[in-house]
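Student: Next up is a structure, given as structure tokens.
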Amino acid sequence: MPNAFPLPEGFLWGASTAAHQTEGGNTNSDWWALEHGALGEYVKEPSGDACDSYHRWREDMDLLAGLGFTDYRFSVEWARIEPAPGEFSRAAIAHYRRMVDGALERGLRPMVTLHHFTCPLWFSRRGGWAAADSGELFARYVEAAAPIFAAGVDHVCTINEPNMVAIMAGIRESGFDLPAAGLPEPDARTAEALVRAHGLAVSAVRALAPGVRAGWSVASQVYQALPGAEEVTAAYRRPREDVYLEAARGDDWLGVQSYTRTRVGPDGPLPAPEMAERTLTGWEFYPEALGHAVRHAAATAPGVPIIVTENGIATADDERRLAYTTGALAALREAMADGVDVRGYFHWSALDNYEWGSYGPTFGLIAVDRATFARTPKPSAAWLGAAGRTREVTGRS
Ligand code: FCB
């Protein structure tokens with residue numbers, strides 16, 4: 001097989017999900033409120049029951065382990081763990097601890113994300129990340145959640161895509177004034193607060209769970225400068241990406257999340273080329289992005305091991321998922337051959353799930369029936385999972 005390659009010793013091989021996108025009934029979160037209120041106009045449909053993974057997580061893990069995966073990245077929900085300020089739910093903590101144990105029992109190493117886009121509604125109502133004490137509140141939650149990850153977990157991700165969180169805050173600030181191409185300005189106060197909260201959370205994890213490796217996952221847009229636009233591109237990328245990569249310099253690992261690219265000309269970001277294939281999210285089909293993303297992350301946070309914590313494609317055609325993932329892994333392998341220190345790969349996503357406003361863009365390796373919640377693995381799941389078992393990625397010819 002021309003594209004076959006072995007996985008390095010210890011390489012993490014898994015799929016990712018997030019609580020709000022899969023659990024269902026996350027009624028105490030700010031996203032639930034947005035779905036039913038302020039964001040109503042931008043949200044096509046509410047998350048509702050999602051994949052009912054709050055109850056069906058065992059089935060999800062059975063499937064992933066059965067397919068051959070050795071790792072599973074999922075998030076725990078702050079809104080459930082701390083339903084009111086300073087009030088912690090022992091039952092919710094016990095639930096997530098059962099998930100960690102359940103993963104281990106099935107031979108899946110759990111990677112636990114502590115914050116994946118959603119906050120408790122009370123936290124957002126009192127000013128969200130921009131409030132002066134947001135970092136302390138986040139750290140207090142992380143400390144309370146320590147029983148979930150203190151034993152049996154190797155990797156904790158403090159905050160998923162802080163850059164997108166700051167950009168989302170910027171979008172709300174601007175009254176939803178979106179640019180024609182590229183991403184809006186991140187909200188500066190949110191950005192600063194997230195970097196601070198991350199630092200406090202990393203310290204909390206290290207203090208309470210010394211063996212656990214702490215890091216965070218940054219969204220990579222692979223900004224590609226057109227000739228002459230190098231400086232414009234670097235200036236554009238800095239607040240949207242580099243400050244978060246730089247903040248990872250002292251971390252135990254750095255998560256890279258890559259889907260597509262953005263080309264930048266002298267006047268700023270450009271839309272995808274006219275002839276380009278687009279995915280269900282409208283993003284350019286560009287699997288090579290992953291190689292660029294890990295190279296840029298490694299150059300910006302030198303010496304910090306990289307884990308690909310998300311990479312995937314929204315498509316109704318699983319053949320395109322196979323083609324995309326084959327291309328992405330080939331680019332990853334080349335970067336690794338060139339010396340980029342990559343320690344794992346998690347595909348987004350294990351399941352078709354709630355894509356922040358709509359169930360339309362299906363990213364899953366496993367299809368989920370919206371009425372019965374029945375799970376059906378797609379051919380891509382069998383292929384990708386098998387590499388976990390054989391420790392070798394086989395090329396699709
Ligand atoms: C990332 C998010 C994840 C999912 C994918 C498609 O930005 O972390 O929850 O929405 O994009």
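So you can find residues: chains in the structure tokens are A, B, ... in the order shown, residues in each start at 1, and ligands are numbered from 1 in order.
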Around ligand 1, at most 10 Å away and counting only C-alpha atoms and all ligand atoms, which residues are there? Put them as a ChimeraX atom specification, please.
Tutor: /A:16-21,116-117,159-165,217-220,257-259,281,309-314,348-349,353-357,361-364
Student: As a PyMOL selection string, please: the residues near range 291-305 of chain A (cut-off 8 Å, only C-alpha atoms, same-chain neighbours under 4 positions excluded).
Tutor: chain A and resi 220-222+242+245-246+248-254+256-258+328+331-335+340-343
Student: Can you spit out the residues from that selection as a tab-separated table (two decimals), in the first residue's frame, using N, CA and C atoms?
Tutor:
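Dumped to result37.tsv:
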```tsv
chain	number	residue	atom	x	y	z
A	220	SER	N	-6.70	26.31	14.27
A	220	SER	CA	-5.75	26.79	13.27
A	220	SER	C	-6.49	27.06	11.96
A	221	GLN	N	-6.27	28.23	11.41
A	221	GLN	CA	-6.93	28.54	10.12
A	221	GLN	C	-5.95	28.45	8.96
A	222	VAL	N	-4.70	28.14	9.23
A	222	VAL	CA	-3.68	28.03	8.17
A	222	VAL	C	-3.76	29.24	7.22
A	242	ASP	N	-1.82	33.33	17.08
A	242	ASP	CA	-0.47	33.19	17.64
A	242	ASP	C	-0.39	33.47	19.13
A	245	LEU	N	-1.02	30.27	20.82
A	245	LEU	CA	0.06	29.30	20.66
A	245	LEU	C	1.23	29.70	21.55
A	246	GLU	N	1.50	31.00	21.60
A	246	GLU	CA	2.59	31.48	22.45
A	246	GLU	C	2.29	31.21	23.93
A	248	ALA	N	1.03	28.76	25.11
A	248	ALA	CA	1.20	27.32	25.39
A	248	ALA	C	2.67	26.96	25.60
A	249	ARG	N	3.55	27.94	25.53
A	249	ARG	CA	4.99	27.63	25.55
A	249	ARG	C	5.45	26.86	26.77
A	250	GLY	N	4.82	27.09	27.91
A	250	GLY	CA	5.26	26.36	29.10
A	250	GLY	C	4.42	25.11	29.37
A	251	ASP	N	3.51	24.79	28.47
A	251	ASP	CA	2.56	23.69	28.73
A	251	ASP	C	3.19	22.33	28.46
A	252	ASP	N	2.45	21.29	28.86
A	252	ASP	CA	2.95	19.92	28.66
A	252	ASP	C	2.70	19.43	27.25
A	253	TRP	N	1.72	20.00	26.58
A	253	TRP	CA	1.41	19.64	25.21
A	253	TRP	C	0.58	20.77	24.61
A	254	LEU	N	0.44	20.75	23.29
A	254	LEU	CA	-0.35	21.79	22.61
A	254	LEU	C	-1.27	21.11	21.60
A	256	VAL	N	-3.68	20.99	18.40
A	256	VAL	CA	-3.88	21.67	17.11
A	256	VAL	C	-5.19	21.16	16.51
A	257	GLN	N	-6.03	22.09	16.07
A	257	GLN	CA	-7.31	21.73	15.47
A	257	GLN	C	-7.38	22.38	14.10
A	258	SER	N	-7.48	21.53	13.09
A	258	SER	CA	-7.35	22.05	11.73
A	258	SER	C	-8.40	21.43	10.82
A	328	ALA	N	-5.13	14.36	4.92
A	328	ALA	CA	-4.68	15.05	6.14
A	328	ALA	C	-3.59	14.24	6.84
A	331	ALA	N	-0.28	14.48	5.06
A	331	ALA	CA	0.39	15.76	5.35
A	331	ALA	C	0.97	15.75	6.77
A	332	LEU	N	0.26	15.11	7.68
A	332	LEU	CA	0.74	15.01	9.06
A	332	LEU	C	2.02	14.18	9.11
A	333	ARG	N	1.97	13.08	8.38
A	333	ARG	CA	3.13	12.19	8.37
A	333	ARG	C	4.36	12.90	7.81
A	334	GLU	N	4.17	13.68	6.77
A	334	GLU	CA	5.31	14.44	6.19
A	334	GLU	C	5.88	15.42	7.20
A	335	ALA	N	4.99	16.10	7.90
A	335	ALA	CA	5.47	17.06	8.91
A	335	ALA	C	6.25	16.33	9.99
A	340	VAL	N	8.56	17.46	13.14
A	340	VAL	CA	7.55	18.05	14.04
A	340	VAL	C	7.12	16.97	15.03
A	341	ASP	N	7.15	17.32	16.31
A	341	ASP	CA	6.92	16.35	17.37
A	341	ASP	C	5.41	16.21	17.65
A	342	VAL	N	4.78	15.29	16.92
A	342	VAL	CA	3.33	15.07	17.07
A	342	VAL	C	3.13	13.77	17.83
A	343	ARG	N	2.31	13.83	18.86
A	343	ARG	CA	2.15	12.66	19.75
A	343	ARG	C	0.79	11.97	19.62
```
Student: Leaving out Val76 in chain A and any residue of its chain fewer than 4 positions from it, which residues lie within 10 Å of it when counting only C-alpha atoms, given as an NGL selection string?
Tutor: :A and (18-20 or 23 or 80-81 or 92-93 or 95-97 or 99 or 112-116 or 145 or 148)
Student: Limited to all heavy atoms, could you put the picked residues into a file as a compact mmCIF listing (two decimals), in the first residue's frame?
Tutor:
```txt
# COMPACT_ATOMS: atom_id res chain seq x y z
N ALA A 18 -17.68 16.72 22.18
CA ALA A 18 -17.81 17.75 23.22
C ALA A 18 -19.17 17.57 23.88
O ALA A 18 -20.14 17.17 23.22
CB ALA A 18 -17.70 19.14 22.61
N ALA A 19 -19.23 17.89 25.16
CA ALA A 19 -20.43 17.62 25.95
C ALA A 19 -21.69 18.23 25.32
O ALA A 19 -22.67 17.54 25.06
CB ALA A 19 -20.23 18.12 27.37
N HIS A 20 -21.65 19.53 25.08
CA HIS A 20 -22.88 20.19 24.62
C HIS A 20 -23.35 19.64 23.28
O HIS A 20 -24.55 19.61 23.00
CB HIS A 20 -22.66 21.70 24.50
CG HIS A 20 -23.92 22.46 24.19
ND1 HIS A 20 -24.89 22.69 25.14
CD2 HIS A 20 -24.39 22.99 23.03
CE1 HIS A 20 -25.90 23.35 24.58
NE2 HIS A 20 -25.62 23.54 23.30
N GLU A 23 -24.29 15.42 24.51
CA GLU A 23 -25.00 14.93 25.71
C GLU A 23 -26.51 15.08 25.63
O GLU A 23 -27.26 14.19 26.02
CB GLU A 23 -24.52 15.68 26.95
CG GLU A 23 -23.14 15.29 27.42
CD GLU A 23 -22.75 16.01 28.69
OE1 GLU A 23 -23.39 17.02 29.06
OE2 GLU A 23 -21.79 15.56 29.33
N ARG A 80 -23.05 21.65 34.42
CA ARG A 80 -23.61 20.55 35.22
C ARG A 80 -22.84 20.39 36.53
O ARG A 80 -23.41 20.05 37.56
CB ARG A 80 -23.51 19.24 34.45
CG ARG A 80 -24.37 19.15 33.22
CD ARG A 80 -24.31 17.72 32.67
NE ARG A 80 -24.77 17.60 31.32
CZ ARG A 80 -26.03 17.38 30.96
NH1 ARG A 80 -26.97 17.27 31.87
NH2 ARG A 80 -26.35 17.26 29.69
N ILE A 81 -21.52 20.62 36.45
CA ILE A 81 -20.68 20.41 37.62
C ILE A 81 -20.86 21.54 38.65
O ILE A 81 -20.83 21.31 39.84
CB ILE A 81 -19.20 20.26 37.18
CG1 ILE A 81 -19.06 18.96 36.38
CG2 ILE A 81 -18.25 20.29 38.38
CD1 ILE A 81 -17.69 18.75 35.76
N ALA A 92 -22.83 15.01 39.33
CA ALA A 92 -22.25 15.28 38.00
C ALA A 92 -20.77 14.88 37.98
O ALA A 92 -20.29 14.28 37.01
CB ALA A 92 -22.40 16.76 37.64
N ILE A 93 -20.07 15.19 39.05
CA ILE A 93 -18.65 14.80 39.11
C ILE A 93 -18.53 13.27 39.08
O ILE A 93 -17.71 12.71 38.35
CB ILE A 93 -17.98 15.40 40.38
CG1 ILE A 93 -17.91 16.93 40.23
CG2 ILE A 93 -16.58 14.81 40.61
CD1 ILE A 93 -17.52 17.69 41.48
N HIS A 95 -20.63 11.26 37.74
CA HIS A 95 -20.99 10.82 36.37
C HIS A 95 -19.76 10.84 35.47
O HIS A 95 -19.45 9.87 34.78
CB HIS A 95 -22.07 11.75 35.80
CG HIS A 95 -22.29 11.59 34.33
ND1 HIS A 95 -23.16 10.66 33.81
CD2 HIS A 95 -21.74 12.22 33.26
CE1 HIS A 95 -23.14 10.71 32.49
NE2 HIS A 95 -22.29 11.66 32.13
N TYR A 96 -19.03 11.96 35.50
CA TYR A 96 -17.86 12.07 34.61
C TYR A 96 -16.73 11.15 35.07
O TYR A 96 -15.97 10.65 34.25
CB TYR A 96 -17.40 13.53 34.51
CG TYR A 96 -18.40 14.38 33.75
CD1 TYR A 96 -19.03 15.47 34.34
CD2 TYR A 96 -18.73 14.06 32.43
CE1 TYR A 96 -19.95 16.24 33.64
CE2 TYR A 96 -19.65 14.82 31.72
CZ TYR A 96 -20.26 15.91 32.32
OH TYR A 96 -21.16 16.65 31.62
N ARG A 97 -16.64 10.93 36.37
CA ARG A 97 -15.64 9.96 36.85
C ARG A 97 -15.97 8.55 36.32
O ARG A 97 -15.09 7.80 35.93
CB ARG A 97 -15.60 9.98 38.38
CG ARG A 97 -14.55 9.08 39.00
CD ARG A 97 -13.13 9.48 38.61
NE ARG A 97 -12.32 8.34 38.23
CZ ARG A 97 -11.04 8.40 37.84
NH1 ARG A 97 -10.40 9.55 37.78
NH2 ARG A 97 -10.39 7.33 37.49
N MET A 99 -17.38 7.99 33.55
CA MET A 99 -16.97 7.99 32.14
C MET A 99 -15.48 7.71 31.99
O MET A 99 -15.05 6.95 31.13
CB MET A 99 -17.34 9.31 31.47
CG MET A 99 -18.81 9.45 31.15
SD MET A 99 -19.17 10.98 30.25
CE MET A 99 -18.44 10.66 28.65
N VAL A 112 -9.46 14.54 28.74
CA VAL A 112 -10.61 15.27 29.27
C VAL A 112 -10.47 16.77 29.00
O VAL A 112 -9.49 17.40 29.40
CB VAL A 112 -10.75 15.02 30.79
CG1 VAL A 112 -11.88 15.86 31.37
CG2 VAL A 112 -10.98 13.53 31.07
N THR A 113 -11.45 17.32 28.29
CA THR A 113 -11.50 18.77 28.06
C THR A 113 -12.39 19.39 29.13
O THR A 113 -13.50 18.91 29.38
CB THR A 113 -12.09 19.07 26.66
OG1 THR A 113 -11.30 18.41 25.68
CG2 THR A 113 -12.10 20.57 26.38
N LEU A 114 -11.90 20.44 29.77
CA LEU A 114 -12.65 21.03 30.88
C LEU A 114 -13.62 22.12 30.43
O LEU A 114 -14.58 22.42 31.13
CB LEU A 114 -11.67 21.61 31.91
CG LEU A 114 -10.74 20.57 32.54
CD1 LEU A 114 -9.65 21.24 33.35
CD2 LEU A 114 -11.55 19.60 33.42
N HIS A 115 -13.35 22.69 29.28
CA HIS A 115 -14.24 23.75 28.78
C HIS A 115 -14.28 23.68 27.26
O HIS A 115 -13.26 23.85 26.60
CB HIS A 115 -13.71 25.13 29.21
CG HIS A 115 -14.60 26.25 28.76
ND1 HIS A 115 -14.49 26.83 27.52
CD2 HIS A 115 -15.62 26.86 29.39
CE1 HIS A 115 -15.42 27.76 27.40
NE2 HIS A 115 -16.11 27.81 28.52
N HIS A 116 -15.45 23.37 26.74
CA HIS A 116 -15.58 23.31 25.28
C HIS A 116 -16.75 24.20 24.87
O HIS A 116 -17.89 23.74 24.68
CB HIS A 116 -15.79 21.86 24.82
CG HIS A 116 -15.60 21.67 23.33
ND1 HIS A 116 -14.70 20.76 22.80
CD2 HIS A 116 -16.17 22.27 22.26
CE1 HIS A 116 -14.74 20.81 21.47
NE2 HIS A 116 -15.64 21.71 21.13
N ALA A 145 -13.39 19.88 39.97
CA ALA A 145 -13.52 18.77 39.01
C ALA A 145 -12.35 17.80 39.09
O ALA A 145 -12.36 16.77 38.40
CB ALA A 145 -13.64 19.34 37.59
N ILE A 148 -12.34 13.97 38.79
CA ILE A 148 -12.61 13.36 37.48
C ILE A 148 -11.30 12.94 36.80
O ILE A 148 -11.21 11.88 36.20
CB ILE A 148 -13.38 14.34 36.57
CG1 ILE A 148 -14.73 14.70 37.18
CG2 ILE A 148 -13.54 13.78 35.16
CD1 ILE A 148 -15.42 15.90 36.51
```
Student: Using only C-alpha atoms, which protein or nucleic acid residues come within 7 Å of Gly24 in chain A? Drop anything in the same chain fewer than 6 positions from it, and give the result as a PDB file with all heavy atoms, in the first residue's frame.
Tutor:
```
ATOM      1  N   SER A  47     -30.165  22.460  20.432  1.00  0.00           N
ATOM      2  CA  SER A  47     -29.426  21.199  20.604  1.00  0.00           C
ATOM      3  C   SER A  47     -30.318  20.069  21.111  1.00  0.00           C
ATOM      4  O   SER A  47     -30.070  18.895  20.817  1.00  0.00           O
ATOM      5  CB  SER A  47     -28.237  21.403  21.545  1.00  0.00           C
ATOM      6  OG  SER A  47     -28.657  21.984  22.761  1.00  0.00           O
ATOM      7  N   GLY A  48     -31.346  20.419  21.881  1.00  0.00           N
ATOM      8  CA  GLY A  48     -32.315  19.406  22.336  1.00  0.00           C
ATOM      9  C   GLY A  48     -31.657  18.228  23.031  1.00  0.00           C
ATOM     10  O   GLY A  48     -30.873  18.393  23.966  1.00  0.00           O
ATOM     11  N   ASP A  49     -31.967  17.051  22.541  1.00  0.00           N
ATOM     12  CA  ASP A  49     -31.418  15.824  23.132  1.00  0.00           C
ATOM     13  C   ASP A  49     -30.034  15.480  22.591  1.00  0.00           C
ATOM     14  O   ASP A  49     -29.434  14.483  23.035  1.00  0.00           O
ATOM     15  CB  ASP A  49     -32.339  14.637  22.841  1.00  0.00           C
ATOM     16  CG  ASP A  49     -33.638  14.703  23.617  1.00  0.00           C
ATOM     17  OD1 ASP A  49     -33.603  15.165  24.775  1.00  0.00           O
ATOM     18  OD2 ASP A  49     -34.680  14.301  23.072  1.00  0.00           O
ATOM     19  N   ALA A  50     -29.569  16.225  21.613  1.00  0.00           N
ATOM     20  CA  ALA A  50     -28.279  15.921  20.948  1.00  0.00           C
ATOM     21  C   ALA A  50     -28.220  14.423  20.625  1.00  0.00           C
ATOM     22  O   ALA A  50     -29.156  13.883  20.035  1.00  0.00           O
ATOM     23  CB  ALA A  50     -27.114  16.399  21.791  1.00  0.00           C
ATOM     24  N   CYS A  51     -27.146  13.743  21.033  1.00  0.00           N
ATOM     25  CA  CYS A  51     -27.029  12.303  20.742  1.00  0.00           C
ATOM     26  C   CYS A  51     -27.429  11.489  21.970  1.00  0.00           C
ATOM     27  O   CYS A  51     -27.210  10.282  22.019  1.00  0.00           O
ATOM     28  CB  CYS A  51     -25.598  11.948  20.351  1.00  0.00           C
ATOM     29  SG  CYS A  51     -24.920  12.983  19.063  1.00  0.00           S
ATOM     30  N   ASP A  52     -27.944  12.177  22.974  1.00  0.00           N
ATOM     31  CA  ASP A  52     -28.287  11.545  24.255  1.00  0.00           C
ATOM     32  C   ASP A  52     -27.084  10.815  24.856  1.00  0.00           C
ATOM     33  O   ASP A  52     -27.233   9.819  25.560  1.00  0.00           O
ATOM     34  CB  ASP A  52     -29.478  10.576  24.093  1.00  0.00           C
ATOM     35  CG  ASP A  52     -30.047  10.140  25.453  1.00  0.00           C
ATOM     36  OD1 ASP A  52     -29.922  10.918  26.422  1.00  0.00           O
ATOM     37  OD2 ASP A  52     -30.584   9.021  25.547  1.00  0.00           O
ATOM     38  N   SER A  53     -25.913  11.353  24.613  1.00  0.00           N
ATOM     39  CA  SER A  53     -24.708  10.672  25.120  1.00  0.00           C
ATOM     40  C   SER A  53     -24.554  10.796  26.635  1.00  0.00           C
ATOM     41  O   SER A  53     -23.751  10.082  27.226  1.00  0.00           O
ATOM     42  CB  SER A  53     -23.447  11.206  24.426  1.00  0.00           C
ATOM     43  OG  SER A  53     -23.421  10.773  23.090  1.00  0.00           O
ATOM     44  N   TYR A  54     -25.319  11.709  27.238  1.00  0.00           N
ATOM     45  CA  TYR A  54     -25.243  11.756  28.706  1.00  0.00           C
ATOM     46  C   TYR A  54     -25.664  10.402  29.267  1.00  0.00           C
ATOM     47  O   TYR A  54     -25.163   9.967  30.297  1.00  0.00           O
ATOM     48  CB  TYR A  54     -26.125  12.875  29.281  1.00  0.00           C
ATOM     49  CG  TYR A  54     -25.771  13.182  30.723  1.00  0.00           C
ATOM     50  CD1 TYR A  54     -24.643  13.941  31.019  1.00  0.00           C
ATOM     51  CD2 TYR A  54     -26.525  12.675  31.785  1.00  0.00           C
ATOM     52  CE1 TYR A  54     -24.282  14.202  32.334  1.00  0.00           C
ATOM     53  CE2 TYR A  54     -26.165  12.936  33.109  1.00  0.00           C
ATOM     54  CZ  TYR A  54     -25.042  13.703  33.377  1.00  0.00           C
ATOM     55  OH  TYR A  54     -24.670  13.954  34.677  1.00  0.00           O
TER      56      TYR A  54
END
```
Student: List the neighbours of Arg189 in chain A out to 9 Å using only C-alpha atoms; skip same-chain residues closer than 5 positions along the sequence, and give me the result as a PyMOL selection string.
Tutor: chain A and resi 129-131+166+194
Student: Export, as a compact mmCIF listing (two decimals), in the first residue's frame, the selected residues with all heavy atoms.
Tutor:
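result33.txt was written with the following content:
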```txt
# COMPACT_ATOMS: atom_id res chain seq x y z
N TRP A 129 -16.25 35.69 30.42
CA TRP A 129 -14.79 35.74 30.54
C TRP A 129 -14.29 37.16 30.79
O TRP A 129 -13.24 37.36 31.41
CB TRP A 129 -14.13 35.17 29.29
CG TRP A 129 -14.35 33.69 29.18
CD1 TRP A 129 -15.18 33.06 28.29
CD2 TRP A 129 -13.79 32.67 30.00
NE1 TRP A 129 -15.16 31.70 28.52
CE2 TRP A 129 -14.31 31.43 29.56
CE3 TRP A 129 -12.90 32.66 31.08
CZ2 TRP A 129 -13.97 30.21 30.15
CZ3 TRP A 129 -12.56 31.45 31.66
CH2 TRP A 129 -13.08 30.24 31.20
N ALA A 130 -15.03 38.12 30.31
CA ALA A 130 -14.57 39.51 30.44
C ALA A 130 -14.66 40.03 31.87
O ALA A 130 -14.06 41.06 32.21
CB ALA A 130 -15.37 40.41 29.50
N ALA A 131 -15.37 39.33 32.75
CA ALA A 131 -15.44 39.77 34.15
C ALA A 131 -14.07 39.62 34.81
O ALA A 131 -13.31 38.69 34.50
CB ALA A 131 -16.48 38.93 34.91
N ALA A 166 -12.88 33.87 21.98
CA ALA A 166 -12.69 35.33 21.95
C ALA A 166 -13.32 35.92 20.67
O ALA A 166 -13.87 37.02 20.69
CB ALA A 166 -11.21 35.67 22.01
N LEU A 194 -8.83 34.71 28.89
CA LEU A 194 -8.68 33.28 28.60
C LEU A 194 -7.25 32.82 28.82
O LEU A 194 -7.01 31.75 29.38
CB LEU A 194 -9.13 32.99 27.16
CG LEU A 194 -10.64 33.06 26.94
CD1 LEU A 194 -10.96 33.21 25.45
CD2 LEU A 194 -11.34 31.83 27.51
```
Student: One number please: CA of Gly327 in chain A to CA of Tyr286 in chain A, in Å, one decimal.
Tutor: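 We find that CA of Gly327 in chain A and CA of Tyr286 in chain A lie 8.5 Å from each other.
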Student: At a cut-off of 10 Å, using only C-alpha atoms, what residues contact Glu59 in chain A? Leave out same-chain residues fewer than 5 positions from it and give the result as a ChimeraX atom specification.
Tutor: /A:53,64-65,374-375
Student: With only C-alpha atoms as the basis for distance, which of A:Val232, A:Leu67, A:Cys157, A:Met61 is at the shortest distance from Pro379 in chain A?
Tutor: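 Of the candidates, the smallest distance to Pro379 in chain A is held by A:Leu67.
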Student: What is the distance, in Å and to one decimal place, between CA of Trp32 in chain A and CA of Thr118 in chain A?
Tutor: 8.8 Å
Student: For range 272-278 of chain A, find every residue with an atom within 9 Å (counting only C-alpha atoms), except residues of its own chain fewer than 4 positions away, and show them as a list in words.
Tutor: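 Close residues of range 272-278 of chain A: Ala181, Arg261, Thr262, Arg263, Gly282, Trp283, Glu284, Phe285 and Tyr286 of chain A.
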Student: Could you write out, as a tab-separated table (two decimals) with N, CA and C atoms, in the first residue's frame, all the residues of range 7-255 of chain A that DSSP marks as strand (DSSP E)?
Tutor:
```tsv
chain	number	residue	atom	x	y	z
A	12	LEU	N	-1.22	8.61	20.36
A	12	LEU	CA	-2.64	8.61	20.71
A	12	LEU	C	-3.46	8.52	19.42
A	13	TRP	N	-4.47	7.68	19.44
A	13	TRP	CA	-5.26	7.47	18.22
A	13	TRP	C	-6.73	7.41	18.60
A	14	GLY	N	-7.42	8.49	18.34
A	14	GLY	CA	-8.78	8.54	18.86
A	14	GLY	C	-9.72	9.41	18.06
A	15	ALA	N	-10.87	9.63	18.67
A	15	ALA	CA	-11.88	10.54	18.12
A	15	ALA	C	-12.30	11.48	19.25
A	16	SER	N	-12.86	12.62	18.85
A	16	SER	CA	-13.24	13.67	19.81
A	16	SER	C	-14.74	13.91	19.81
A	71	ASP	N	-7.91	5.83	22.10
A	71	ASP	CA	-8.03	7.08	22.85
A	71	ASP	C	-9.38	7.73	22.57
A	72	TYR	N	-9.88	8.48	23.53
A	72	TYR	CA	-11.15	9.18	23.35
A	72	TYR	C	-11.07	10.52	24.05
A	73	ARG	N	-11.33	11.56	23.29
A	73	ARG	CA	-11.34	12.91	23.88
A	73	ARG	C	-12.80	13.35	24.03
A	74	PHE	N	-13.18	13.65	25.25
A	74	PHE	CA	-14.54	14.17	25.49
A	74	PHE	C	-14.44	15.31	26.49
A	75	SER	N	-15.50	16.10	26.57
A	75	SER	CA	-15.45	17.21	27.53
A	75	SER	C	-16.46	17.01	28.64
A	109	ARG	N	-7.88	5.45	26.36
A	109	ARG	CA	-7.27	6.43	27.26
A	109	ARG	C	-8.08	7.73	27.13
A	110	PRO	N	-8.63	8.20	28.25
A	110	PRO	CA	-9.45	9.40	28.16
A	110	PRO	C	-8.62	10.69	28.14
A	111	MET	N	-8.92	11.56	27.19
A	111	MET	CA	-8.41	12.93	27.26
A	111	MET	C	-9.61	13.79	27.65
A	112	VAL	N	-9.46	14.54	28.74
A	112	VAL	CA	-10.61	15.27	29.27
A	112	VAL	C	-10.47	16.77	29.00
A	113	THR	N	-11.45	17.32	28.29
A	113	THR	CA	-11.50	18.77	28.06
A	113	THR	C	-12.39	19.39	29.13
A	155	HIS	N	-4.03	13.25	29.85
A	155	HIS	CA	-4.07	14.59	29.24
A	155	HIS	C	-5.36	15.31	29.60
A	156	VAL	N	-5.17	16.53	30.08
A	156	VAL	CA	-6.31	17.42	30.33
A	156	VAL	C	-6.16	18.64	29.42
A	157	CYS	N	-7.25	18.96	28.73
A	157	CYS	CA	-7.30	20.17	27.89
A	157	CYS	C	-8.10	21.20	28.67
A	158	THR	N	-7.48	22.31	29.01
A	158	THR	CA	-8.19	23.29	29.85
A	158	THR	C	-9.35	23.94	29.09
A	159	ILE	N	-9.02	24.54	27.94
A	159	ILE	CA	-10.03	25.30	27.18
A	159	ILE	C	-9.90	24.95	25.71
A	160	ASN	N	-11.00	24.57	25.11
A	160	ASN	CA	-11.01	24.26	23.69
A	160	ASN	C	-11.12	25.55	22.87
A	213	ARG	N	-0.84	15.66	32.23
A	213	ARG	CA	-0.26	16.65	31.33
A	213	ARG	C	-1.33	17.65	30.90
A	214	ALA	N	-1.04	18.92	31.15
A	214	ALA	CA	-2.04	19.96	30.89
A	214	ALA	C	-1.68	20.78	29.65
A	215	GLY	N	-2.70	21.11	28.88
A	215	GLY	CA	-2.49	21.94	27.71
A	215	GLY	C	-3.82	22.52	27.24
A	216	TRP	N	-3.79	23.19	26.09
A	216	TRP	CA	-5.06	23.61	25.50
A	216	TRP	C	-5.00	23.47	23.99
A	217	SER	N	-6.16	23.58	23.35
A	217	SER	CA	-6.26	23.30	21.92
A	217	SER	C	-6.65	24.57	21.18
A	218	VAL	N	-5.84	24.91	20.19
A	218	VAL	CA	-6.04	26.16	19.46
A	218	VAL	C	-6.55	25.86	18.05
A	219	ALA	N	-7.52	26.65	17.60
A	219	ALA	CA	-8.05	26.49	16.24
A	219	ALA	C	-7.07	27.09	15.25
A	220	SER	N	-6.70	26.31	14.27
A	220	SER	CA	-5.75	26.79	13.27
A	220	SER	C	-6.49	27.06	11.96
A	223	TYR	N	-3.37	30.38	7.76
A	223	TYR	CA	-3.38	31.61	6.96
A	223	TYR	C	-2.24	31.56	5.95
A	224	GLN	N	-2.56	31.60	4.68
A	224	GLN	CA	-1.53	31.51	3.63
A	224	GLN	C	-1.42	32.85	2.93
A	225	ALA	N	-0.22	33.41	3.03
A	225	ALA	CA	0.00	34.74	2.44
A	225	ALA	C	0.18	34.65	0.94
A	253	TRP	N	1.72	20.00	26.58
A	253	TRP	CA	1.41	19.64	25.21
A	253	TRP	C	0.58	20.77	24.61
A	254	LEU	N	0.44	20.75	23.29
A	254	LEU	CA	-0.35	21.79	22.61
A	254	LEU	C	-1.27	21.11	21.60
A	255	GLY	N	-2.55	21.42	21.70
A	255	GLY	CA	-3.54	20.84	20.79
A	255	GLY	C	-3.69	21.69	19.53
```
Student: What does the structure give for the distance between CA of Ile366 in chain A and CA of Phe149 in chain A, in Å to one decimal?
Tutor: 26.3 Å
Student: Extract the full set of alpha helix (DSSP H) residues from range 66-148 of chain A according to DSSP on the backbone, and format it as a ChimeraX atom specification.
Tutor: /A:66-67,78-81,90-105,121-125,134-144,146-148
